[in-house]
file entry-v9.txt (compact mmCIF, C-alpha atoms)
# COMPACT_ATOMS: atom_id res chain seq x y z
CA MET O 740 291.04 -28.86 16.24
CA ALA O 741 289.86 -25.30 16.70
CA THR O 742 289.77 -23.05 13.68
CA ASN O 743 290.13 -19.29 13.78
CA PRO O 744 286.80 -17.68 12.80
CA GLU O 745 288.38 -15.04 10.53
CA ILE O 746 290.15 -17.70 8.48
CA GLN O 747 287.13 -20.02 8.47
CA ALA O 748 284.87 -17.22 7.22
CA ALA O 749 287.18 -16.53 4.32
CA ARG O 750 287.24 -20.11 3.07
CA PRO O 751 285.03 -20.81 0.03
CA GLY O 752 282.26 -23.38 0.11
CA ARG O 753 282.63 -26.61 -1.82
CA ARG O 754 279.80 -25.72 -4.19
CA ASN O 755 281.30 -22.32 -4.97
CA THR O 756 284.66 -23.98 -5.60
CA GLY O 757 283.04 -26.43 -8.00
CA LEU O 758 281.33 -23.62 -9.89
CA GLN O 759 284.61 -21.73 -10.16
CA VAL O 760 286.28 -24.83 -11.59
CA ILE O 761 283.52 -25.09 -14.20
CA GLY O 762 283.82 -21.40 -15.03
CA THR O 763 287.59 -21.72 -15.33
CA LEU O 764 287.29 -24.66 -17.72
CA ILE O 765 284.76 -22.80 -19.89
CA ALA O 766 286.98 -19.72 -20.05
CA LEU O 767 290.10 -21.75 -20.86
CA VAL O 768 288.29 -23.67 -23.59
CA LEU O 769 287.22 -20.39 -25.16
CA LEU O 770 290.78 -19.07 -24.89
CA VAL O 771 292.20 -22.18 -26.59
CA TYR O 772 289.58 -21.79 -29.32
CA LEU O 773 290.68 -18.20 -29.92
CA LEU O 774 294.30 -19.29 -30.10
CA SER O 775 293.52 -22.03 -32.60
CA GLN O 776 291.38 -19.76 -34.76
CA GLN O 777 293.97 -17.01 -34.85
CA GLY O 778 296.76 -19.34 -35.89
CA TRP O 779 299.99 -20.05 -34.05
CA SER O 780 302.10 -18.53 -36.82
CA GLU O 781 300.48 -15.12 -36.43
CA ILE O 782 300.74 -15.29 -32.65
CA TRP O 783 304.40 -16.28 -32.84
CA GLY O 784 305.03 -13.52 -35.36
CA ALA O 785 303.49 -10.94 -33.01
CA LEU O 786 305.51 -12.25 -30.07
CA ARG O 787 308.79 -12.08 -32.00
CA LYS O 788 308.30 -8.36 -32.55
CA ILE O 789 308.84 -7.69 -28.83
CA SER O 790 312.51 -7.07 -28.16
CA PRO O 791 314.25 -8.60 -25.11
CA TRP O 792 314.78 -5.19 -23.50
CA GLN O 793 311.04 -4.47 -23.73
CA VAL O 794 310.26 -7.78 -22.03
CA GLY O 795 312.83 -6.94 -19.36
CA PHE O 796 311.37 -3.48 -18.86
CA ALA O 797 307.87 -4.92 -18.61
CA LEU O 798 309.13 -7.40 -16.00
CA LEU O 799 310.71 -4.55 -14.02
CA LEU O 800 307.43 -2.61 -14.09
CA MET O 801 305.58 -5.70 -12.86
CA VAL O 802 308.03 -6.01 -9.95
CA LEU O 803 307.49 -2.35 -9.07
CA SER O 804 303.72 -2.86 -9.15
CA ARG O 805 304.03 -5.71 -6.63
CA LEU O 806 306.20 -3.53 -4.40
CA ALA O 807 303.53 -0.83 -4.56
CA ILE O 808 300.95 -3.36 -3.36
CA ILE O 809 303.24 -4.16 -0.43
CA GLY O 810 303.52 -0.48 0.39
CA ARG O 811 299.75 0.02 0.25
CA TRP O 812 299.04 -2.71 2.81
CA HIS O 813 302.03 -1.81 4.98
CA VAL O 814 300.81 1.79 5.35
CA LEU O 815 297.39 0.58 6.47
CA LEU O 816 298.84 -1.82 9.02
CA ARG O 817 301.28 0.66 10.50
CA SER O 818 298.62 3.36 10.74
CA SER O 819 296.52 0.97 12.85
CA ARG O 820 299.49 0.48 15.22
CA VAL O 821 300.36 -3.04 14.06
CA PRO O 822 304.12 -3.39 14.77
CA ILE O 823 304.92 -5.12 11.49
CA SER O 824 308.23 -4.50 9.74
CA LEU O 825 308.57 -3.77 6.02
CA GLY O 826 310.39 -7.06 5.57
CA GLN O 827 307.51 -8.96 7.16
CA SER O 828 304.96 -7.15 5.01
CA THR O 829 307.02 -8.00 1.93
CA ARG O 830 307.30 -11.71 2.72
CA ILE O 831 303.63 -12.03 3.62
CA THR O 832 302.39 -10.15 0.55
CA PHE O 833 304.54 -12.17 -1.85
CA ALA O 834 303.29 -15.36 -0.20
CA GLY O 835 299.72 -14.19 -0.77
CA LEU O 836 300.44 -13.28 -4.39
CA PHE O 837 301.94 -16.71 -5.01
CA ALA O 838 299.09 -18.57 -3.30
CA THR O 839 296.53 -16.65 -5.34
CA ASN O 840 297.76 -18.52 -8.42
CA PHE O 841 296.45 -21.80 -7.03
CA LEU O 842 293.76 -21.27 -4.41
CA PRO O 843 290.21 -21.66 -5.78
CA THR O 844 288.90 -18.29 -4.62
CA THR O 845 289.30 -14.64 -5.51
CA ILE O 846 290.48 -13.90 -1.93
CA GLY O 847 292.80 -16.87 -1.48
CA GLY O 848 295.87 -14.68 -1.18
CA ASP O 849 294.20 -12.59 1.50
CA VAL O 850 293.55 -15.73 3.56
CA ILE O 851 297.27 -16.50 3.44
CA ARG O 852 298.16 -12.93 4.40
CA LEU O 853 295.73 -13.00 7.33
CA ALA O 854 297.05 -16.35 8.57
CA ALA O 855 300.66 -15.18 8.32
CA ALA O 856 299.93 -11.95 10.18
CA MET O 857 298.20 -13.85 12.97
CA GLN O 858 301.15 -16.24 13.27
CA LEU O 859 303.19 -13.15 14.12
CA HIS O 860 300.67 -12.56 16.95
CA PHE O 861 299.14 -9.46 15.40
CA SER O 862 295.46 -8.70 15.96
CA GLY O 863 293.37 -10.86 13.63
CA THR O 864 290.54 -8.34 13.64
CA VAL O 865 292.74 -5.41 12.71
CA CYS O 866 294.61 -7.38 10.04
CA ALA O 867 291.38 -8.64 8.50
CA ALA O 868 290.02 -5.09 8.41
CA SER O 869 293.25 -3.84 6.81
CA LEU O 870 292.91 -6.45 4.05
CA ILE O 871 289.35 -5.33 3.36
CA VAL O 872 290.40 -1.68 3.16
CA ASP O 873 293.40 -2.67 1.04
CA ARG O 874 291.05 -4.22 -1.51
CA LEU O 875 288.68 -1.28 -1.36
CA VAL O 876 291.50 1.19 -2.00
CA GLY O 877 292.67 -0.88 -4.95
CA MET O 878 289.18 -1.02 -6.42
CA ALA O 879 288.66 2.71 -5.85
CA GLY O 880 291.88 3.44 -7.72
CA MET O 881 290.85 1.31 -10.67
CA ALA O 882 287.42 2.94 -10.68
CA MET O 883 289.13 6.29 -11.20
CA ALA O 884 290.55 4.98 -14.49
CA LEU O 885 287.20 3.74 -15.80
CA PRO O 886 286.23 7.09 -17.43
CA LEU O 887 289.33 6.76 -19.63
CA GLY O 888 287.98 3.67 -21.36
CA LEU O 889 284.28 3.32 -20.58
CA PRO O 890 282.99 5.74 -23.28
CA SER O 891 284.93 3.89 -26.02
CA PHE O 892 283.75 0.55 -24.61
CA LEU O 893 280.08 1.53 -24.60
CA GLN O 894 280.27 2.94 -28.13
CA SER O 895 282.00 -0.12 -29.57
CA PRO O 896 280.34 -3.29 -30.92
CA VAL O 897 282.10 -5.39 -28.27
CA LEU O 898 278.88 -5.98 -26.33
CA SER O 899 277.46 -7.88 -29.28
CA GLN O 900 280.59 -10.03 -29.67
CA PRO O 901 281.05 -13.59 -28.34
CA LEU O 902 282.49 -12.18 -25.10
CA ALA O 903 279.07 -10.91 -24.07
CA GLY O 904 277.58 -14.28 -24.93
CA PHE O 905 280.25 -16.02 -22.91
CA TYR O 906 279.45 -13.97 -19.82
CA GLY O 907 275.75 -14.50 -20.28
CA LEU O 908 275.96 -18.26 -20.77
CA THR O 909 278.45 -18.77 -17.97
CA SER O 910 276.50 -16.63 -15.50
CA SER O 911 273.24 -18.41 -16.41
CA ALA O 912 274.81 -21.84 -16.04
CA LEU O 913 276.25 -20.96 -12.64
CA ALA O 914 272.95 -19.48 -11.52
CA LEU O 915 271.07 -22.64 -12.49
CA ALA O 916 273.67 -24.80 -10.80
CA SER O 917 273.40 -22.75 -7.64
CA GLY O 918 269.62 -22.88 -7.54
CA GLY O 919 267.11 -20.08 -7.07
CA SER O 920 267.18 -20.50 -3.30
CA ARG O 921 270.75 -19.25 -3.29
CA LEU O 922 269.63 -15.73 -4.19
CA GLN O 923 268.35 -15.06 -0.70
CA THR O 924 271.57 -16.43 0.76
CA TRP O 925 273.62 -14.16 -1.51
CA TRP O 926 271.51 -11.17 -0.47
CA GLN O 927 272.06 -11.94 3.20
CA LYS O 928 275.79 -12.40 2.61
CA GLY O 929 275.87 -9.12 0.73
CA GLN O 930 274.33 -7.32 3.69
CA GLY O 931 276.87 -8.90 6.01
CA VAL O 932 279.73 -7.87 3.74
CA ALA O 933 278.42 -4.30 3.61
CA ARG O 934 278.34 -4.13 7.41
CA ARG O 935 281.88 -5.50 7.67
CA LEU O 936 283.12 -3.03 5.06
CA TRP O 937 281.64 -0.12 6.98
CA ALA O 938 283.08 -1.40 10.26
CA ALA O 939 286.52 -1.73 8.61
CA LEU O 940 286.38 1.76 7.17
CA VAL O 941 285.50 3.26 10.56
CA VAL O 942 289.02 2.45 11.80
CA TRP O 943 290.65 4.42 8.99
CA ARG O 944 288.15 7.24 8.69
CA LYS O 945 290.01 8.86 11.55
CA ARG O 946 293.29 8.34 9.69
CA PRO O 947 292.79 10.06 6.32
CA GLN O 948 296.54 10.48 5.88
CA ALA O 949 297.02 6.71 5.87
CA LEU O 950 294.21 6.29 3.34
CA PHE O 951 295.78 8.94 1.13
CA PHE O 952 299.23 7.33 1.12
CA SER O 953 297.73 3.88 0.52
CA MET O 954 295.90 5.37 -2.47
CA VAL O 955 299.19 6.84 -3.72
CA PHE O 956 300.69 3.34 -3.66
CA SER O 957 297.60 2.07 -5.47
CA TRP O 958 298.11 4.69 -8.20
CA LEU O 959 301.75 3.61 -8.52
CA ASN O 960 300.64 0.00 -8.90
CA MET O 961 298.16 1.00 -11.60
CA LEU O 962 300.68 3.11 -13.53
CA CYS O 963 303.10 0.18 -13.54
CA LEU O 964 300.44 -2.27 -14.77
CA PHE O 965 299.32 0.14 -17.48
CA GLY O 966 302.96 0.62 -18.39
CA VAL O 967 303.47 -3.14 -18.78
CA LEU O 968 300.59 -3.35 -21.25
CA THR O 969 301.71 -0.27 -23.16
CA VAL O 970 305.31 -1.50 -23.49
CA VAL O 971 304.17 -4.91 -24.75
CA LEU O 972 301.67 -3.47 -27.24
CA GLN O 973 304.12 -0.89 -28.56
CA GLY O 974 306.70 -3.63 -28.88
CA MET O 975 304.34 -5.31 -31.35
CA HIS O 976 303.99 -1.97 -33.20
CA GLU O 977 300.43 -1.38 -32.00
CA ASN O 978 299.64 2.33 -31.91
CA ILE O 979 297.41 2.70 -28.85
CA ASP O 980 297.36 5.56 -26.38
CA PHE O 981 298.58 4.97 -22.81
CA TRP O 982 295.44 6.49 -21.32
CA LEU O 983 293.17 4.32 -23.45
CA VAL O 984 295.15 1.29 -22.31
CA SER O 985 294.59 2.44 -18.72
CA GLY O 986 290.85 2.75 -19.17
CA LEU O 987 290.45 -0.54 -21.01
CA TYR O 988 292.46 -2.47 -18.43
CA SER O 989 290.32 -1.02 -15.63
CA ILE O 990 287.29 -2.54 -17.40
CA VAL O 991 289.10 -5.88 -17.69
CA TYR O 992 289.99 -5.64 -13.98
CA PHE O 993 286.37 -5.32 -12.87
CA LEU O 994 285.19 -8.03 -15.27
CA SER O 995 287.86 -10.33 -13.84
CA LEU O 996 286.41 -9.86 -10.35
CA VAL O 997 283.33 -11.88 -11.32
CA PRO O 998 283.83 -15.02 -9.18
CA ILE O 999 283.24 -17.60 -11.92
CA SER O 1000 286.87 -18.60 -12.42
CA ILE O 1001 289.85 -19.59 -10.29
CA ASN O 1002 291.99 -16.46 -10.02
CA SER O 1003 290.21 -15.25 -13.19
CA TYR O 1004 292.16 -17.79 -15.28
CA GLY O 1005 290.90 -17.64 -18.84
CA LEU O 1006 288.37 -14.98 -17.90
CA GLN O 1007 290.97 -12.20 -17.73
CA GLU O 1008 292.70 -13.35 -20.91
CA VAL O 1009 289.47 -13.61 -22.92
CA SER O 1010 288.23 -10.26 -21.61
CA MET O 1011 291.51 -8.50 -22.40
CA THR O 1012 291.72 -10.05 -25.85
CA PHE O 1013 288.24 -9.00 -26.94
CA ILE O 1014 288.28 -5.55 -25.34
CA PHE O 1015 291.73 -4.55 -26.59
CA SER O 1016 291.04 -5.85 -30.08
CA GLN O 1017 287.45 -4.67 -30.46
CA VAL O 1018 287.68 -1.39 -28.52
CA GLY O 1019 291.39 -0.58 -28.58
CA GLY O 1020 291.79 -1.40 -32.26
CA VAL O 1021 294.82 -3.67 -31.87
CA SER O 1022 295.09 -6.89 -33.85
CA LEU O 1023 293.63 -10.04 -32.33
CA ALA O 1024 297.05 -11.72 -32.35
CA SER O 1025 298.65 -8.81 -30.48
CA ALA O 1026 295.80 -8.75 -27.96
CA LEU O 1027 296.19 -12.49 -27.31
CA VAL O 1028 299.95 -12.20 -26.88
CA THR O 1029 299.51 -9.22 -24.53
CA ALA O 1030 296.99 -11.06 -22.37
CA LEU O 1031 299.12 -14.20 -22.10
CA LEU O 1032 302.37 -12.33 -21.49
CA PHE O 1033 300.73 -10.13 -18.86
CA ARG O 1034 299.56 -13.22 -16.94
CA THR O 1035 302.97 -14.87 -17.33
CA LEU O 1036 304.80 -11.84 -15.91
CA MET O 1037 302.42 -11.74 -12.93
CA ILE O 1038 303.06 -15.41 -12.17
CA VAL O 1039 306.84 -15.12 -12.62
CA VAL O 1040 307.08 -12.18 -10.20
CA SER O 1041 304.90 -13.97 -7.63
CA LEU O 1042 307.24 -17.00 -7.57
CA VAL O 1043 309.27 -15.25 -4.88
CA GLY O 1044 306.47 -16.03 -2.47
CA ALA O 1045 306.88 -19.79 -2.96
CA ALA O 1046 309.60 -19.76 -0.31
CA PHE O 1047 307.21 -18.41 2.34
CA VAL O 1048 303.95 -20.29 1.68
CA PRO O 1049 304.89 -23.71 3.19
CA GLY O 1050 305.68 -22.21 6.60
CA ILE O 1051 302.45 -20.23 6.61
CA MET O 1052 300.35 -23.25 5.62
CA ALA O 1053 302.00 -25.36 8.32
CA GLY O 1054 301.20 -22.67 10.86
CA MET O 1055 297.55 -22.64 9.75
CA GLU O 1056 297.29 -26.39 10.32
CA ARG O 1057 298.84 -26.10 13.78
CA ARG O 1058 296.39 -23.35 14.77
call {"tool": "encode", "arguments": {"input": "entry-v9.txt", "output": "structure tokens"}}
result
Amino acid sequence: MATNPEIQAARPGRRNTGLQVIGTLIALVLLVYLLSQQGWSEIWGALRKISPWQVGFALLLMVLSRLAIIGRWHVLLRSSRVPISLGQSTRITFAGLFATNFLPTTIGGDVIRLAAAMQLHFSGTVCAASLIVDRLVGMAGMAMALPLGLPSFLQSPVLSQPLAGFYGLTSSALALASGGSRLQTWWQKGQGVARRLWAALVVWRKRPQALFFSMVFSWLNMLCLFGVLTVVLQGMHENIDFWLVSGLYSIVYFLSLVPISINSYGLQEVSMTFIFSQVGGVSLASALVTALLFRTLMIVVSLVGAAFVPGIMAGMERR
């Protein structure tokens, strides 16, 4: 059975998948340890402080952030003359968001989006390039928020906390498991990725208006995510500035991109807990509750995509 090269290239290797499973288990074990050390009574007490309307408002903001992601990709596709409707973009994006919860790769959702777009007989090359630019725009937006939190992060003692040791030990273990010979392979892959990124950007360099509007949607997504965290933390009576929350989450975002965990499970929660407690000054219990509730809201909103994934996966097998 023939396999489309764009989809095949995006699939992770078995060894990388195994390393991500190991990284996920290590991160989850550390998260469970933090929960047990903090005490369930304190965690439950912090959670009870959040009123139902605040949870509802946080859920609404999370929905709006997902809609902003849809708008960002839709603008890129339409600007490249892909005749996709807003309804199709919505279904495909939600399917990708749902699949990301389970696929053992940081780009699993993008593979689903690419497959779904190709089933609609859109250009695989253009759609793959749009997904690359979509990720780049999202990362560029988050990078703009880094100055809001990076100075406080660098001046705090967080780098000497167990989080730094966790990253060091996990990265070392994965490096040893991969073998020294993998370094050259990674370098070659990095060069190939850089060439593909440049080739993808060439298409949209001549369409700065599309890039601008996709960035606007990225900013809307960020504001909603920062708002979710702020609402939850203020619900637990934590006095932390919105802009500091924005900067600290941008740090968590980039740390979560390290491909040592399936969909950053455990890694994001541990990172957010330590950074918000050690740098943001919130209590450890509040930081844990915020990290867990943030992940829960993301998963709940993505459940809409469950209705669309089976058809896409069946189409991938047929192709």
call {"tool": "closest_residue", "arguments": {"input": "entry-v9.txt", "among": "O:Thr1029, O:Gly1044, O:Pro1049, O:Val991", "to": "Phe833 in chain O", "atoms": "only C-alpha atoms"}}
result
O:Gly1044
call {"tool": "closest_residue", "arguments": {"input": "entry-v9.txt", "among": "O:Ile808, O:Val821, O:Leu815, O:Ala855", "to": "Gly877 in chain O", "atoms": "only C-alpha atoms"}}
result
O:Ile808
call {"tool": "closest_residue", "arguments": {"input": "entry-v9.txt", "among": "O:Val1028, O:Ala1045, O:Leu987, O:Ile1038", "to": "Gly888 in chain O", "atoms": "only C-alpha atoms"}}
result
O:Leu987
call {"tool": "atom_distance", "arguments": {"input": "entry-v9.txt", "atom1": "CA of Ile979 in chain O", "atom2": "CA of Gly1005 in chain O"}}
result
23.6 Å
call {"tool": "atom_distance", "arguments": {"input": "entry-v9.txt", "atom1": "CA of Ser1041 in chain O", "atom2": "CA of Gly1019 in chain O"}}
result
28.3 Å
call {"tool": "closest_residue", "arguments": {"input": "entry-v9.txt", "among": "O:Ala807, O:Leu1032, O:Met954, O:Leu836", "to": "Leu875 in chain O", "atoms": "only C-alpha atoms"}}
result
O:Met954
call {"tool": "residues_near_point", "arguments": {"input": "entry-v9.txt", "point": "(298.7, -16.4, -9.7)", "cutoff": "8 Å", "atoms": "all atoms listed in the file", "output": "PyMOL selection string"}}
result
chain O and resi 836-841+1002+1034+1037-1038+1041
call {"tool": "axis_aligned_box", "arguments": {"input": "entry-v9.txt", "around": "range 870-886 of chain O", "padding_each_side": "3 Å", "output": "lines of an AutoDock Vina configuration file"}}
result
center_x = 289.8
center_y = 0.3
center_z = -6.7
size_x = 13.2
size_y = 19.5
size_z = 27.5
call {"tool": "closest_residue", "arguments": {"input": "entry-v9.txt", "among": "O:Leu1036, O:Pro896, O:Leu983, O:Asn960", "to": "Phe1013 in chain O", "atoms": "all atoms listed in the file"}}
result
O:Pro896
call {"tool": "residues_around", "arguments": {"input": "entry-v9.txt", "residues": "Leu972 in chain O", "least_positions_apart": "4", "cutoff": "7 Å", "atoms": "all atoms listed in the file", "output": "list in words"}}
result
Leu968, His976, Glu977, Ser1025 and Thr1029 of chain O
call {"tool": "write_last_selection", "arguments": {"input": "entry-v9.txt", "atoms": "C-alpha atoms", "output": "PDB file, in the coordinates of the input"}}
result
ATOM      1  CA  LEU O 968     300.590  -3.350 -21.250  1.00  0.00           C
ATOM      2  CA  HIS O 976     303.990  -1.970 -33.200  1.00  0.00           C
ATOM      3  CA  GLU O 977     300.430  -1.380 -32.000  1.00  0.00           C
ATOM      4  CA  SER O1025     298.650  -8.810 -30.480  1.00  0.00           C
ATOM      5  CA  THR O1029     299.510  -9.220 -24.530  1.00  0.00           C
TER       6      THR O1029
END
call {"tool": "atom_distance", "arguments": {"input": "entry-v9.txt", "atom1": "CA of Gly863 in chain O", "atom2": "CA of Trp943 in chain O"}}
result
16.2 Å
call {"tool": "residues_around", "arguments": {"input": "entry-v9.txt", "residues": "Phe861 in chain O", "least_positions_apart": "2", "cutoff": "12 Å", "atoms": "all atoms listed in the file", "output": "list in words"}}
result
Leu816, Arg817, Ser819, Arg820, Val821, Pro822, Ile823, Ser824, Gln827, Arg852, Leu853, Ala854, Ala855, Ala856, Met857, Gln858, Leu859, Gly863, Thr864, Val865, Cys866, Ala867 and Ser869 of chain O
call {"tool": "closest_residue", "arguments": {"input": "entry-v9.txt", "among": "O:Leu1023, O:Ala797, O:Ile809, O:Leu994", "to": "Met878 in chain O", "atoms": "all atoms listed in the file"}}
result
O:Leu994
call {"tool": "residues_near_point", "arguments": {"input": "entry-v9.txt", "point": "(299.3, -18.0, 1.3)", "cutoff": "6 Å", "atoms": "only C-alpha atoms", "output": "list of chain:residue names"}}
result
O:Ala834, O:Gly835, O:Ala838, O:Gly848, O:Ile851, O:Val1048
call {"tool": "residues_around", "arguments": {"input": "entry-v9.txt", "residues": "Leu800 in chain O", "least_positions_apart": "4", "cutoff": "9 Å", "atoms": "only C-alpha atoms", "output": "compact mmCIF listing (two decimals) with C-alpha atoms, keeping the file's coordinate frame"}}
result
# COMPACT_ATOMS: atom_id res chain seq x y z
CA GLY O 795 312.83 -6.94 -19.36
CA PHE O 796 311.37 -3.48 -18.86
CA SER O 804 303.72 -2.86 -9.15
CA ARG O 805 304.03 -5.71 -6.63
CA ASN O 960 300.64 0.00 -8.90
CA LEU O 962 300.68 3.11 -13.53
CA CYS O 963 303.10 0.18 -13.54
CA LEU O 964 300.44 -2.27 -14.77
CA GLY O 966 302.96 0.62 -18.39
CA VAL O 967 303.47 -3.14 -18.78
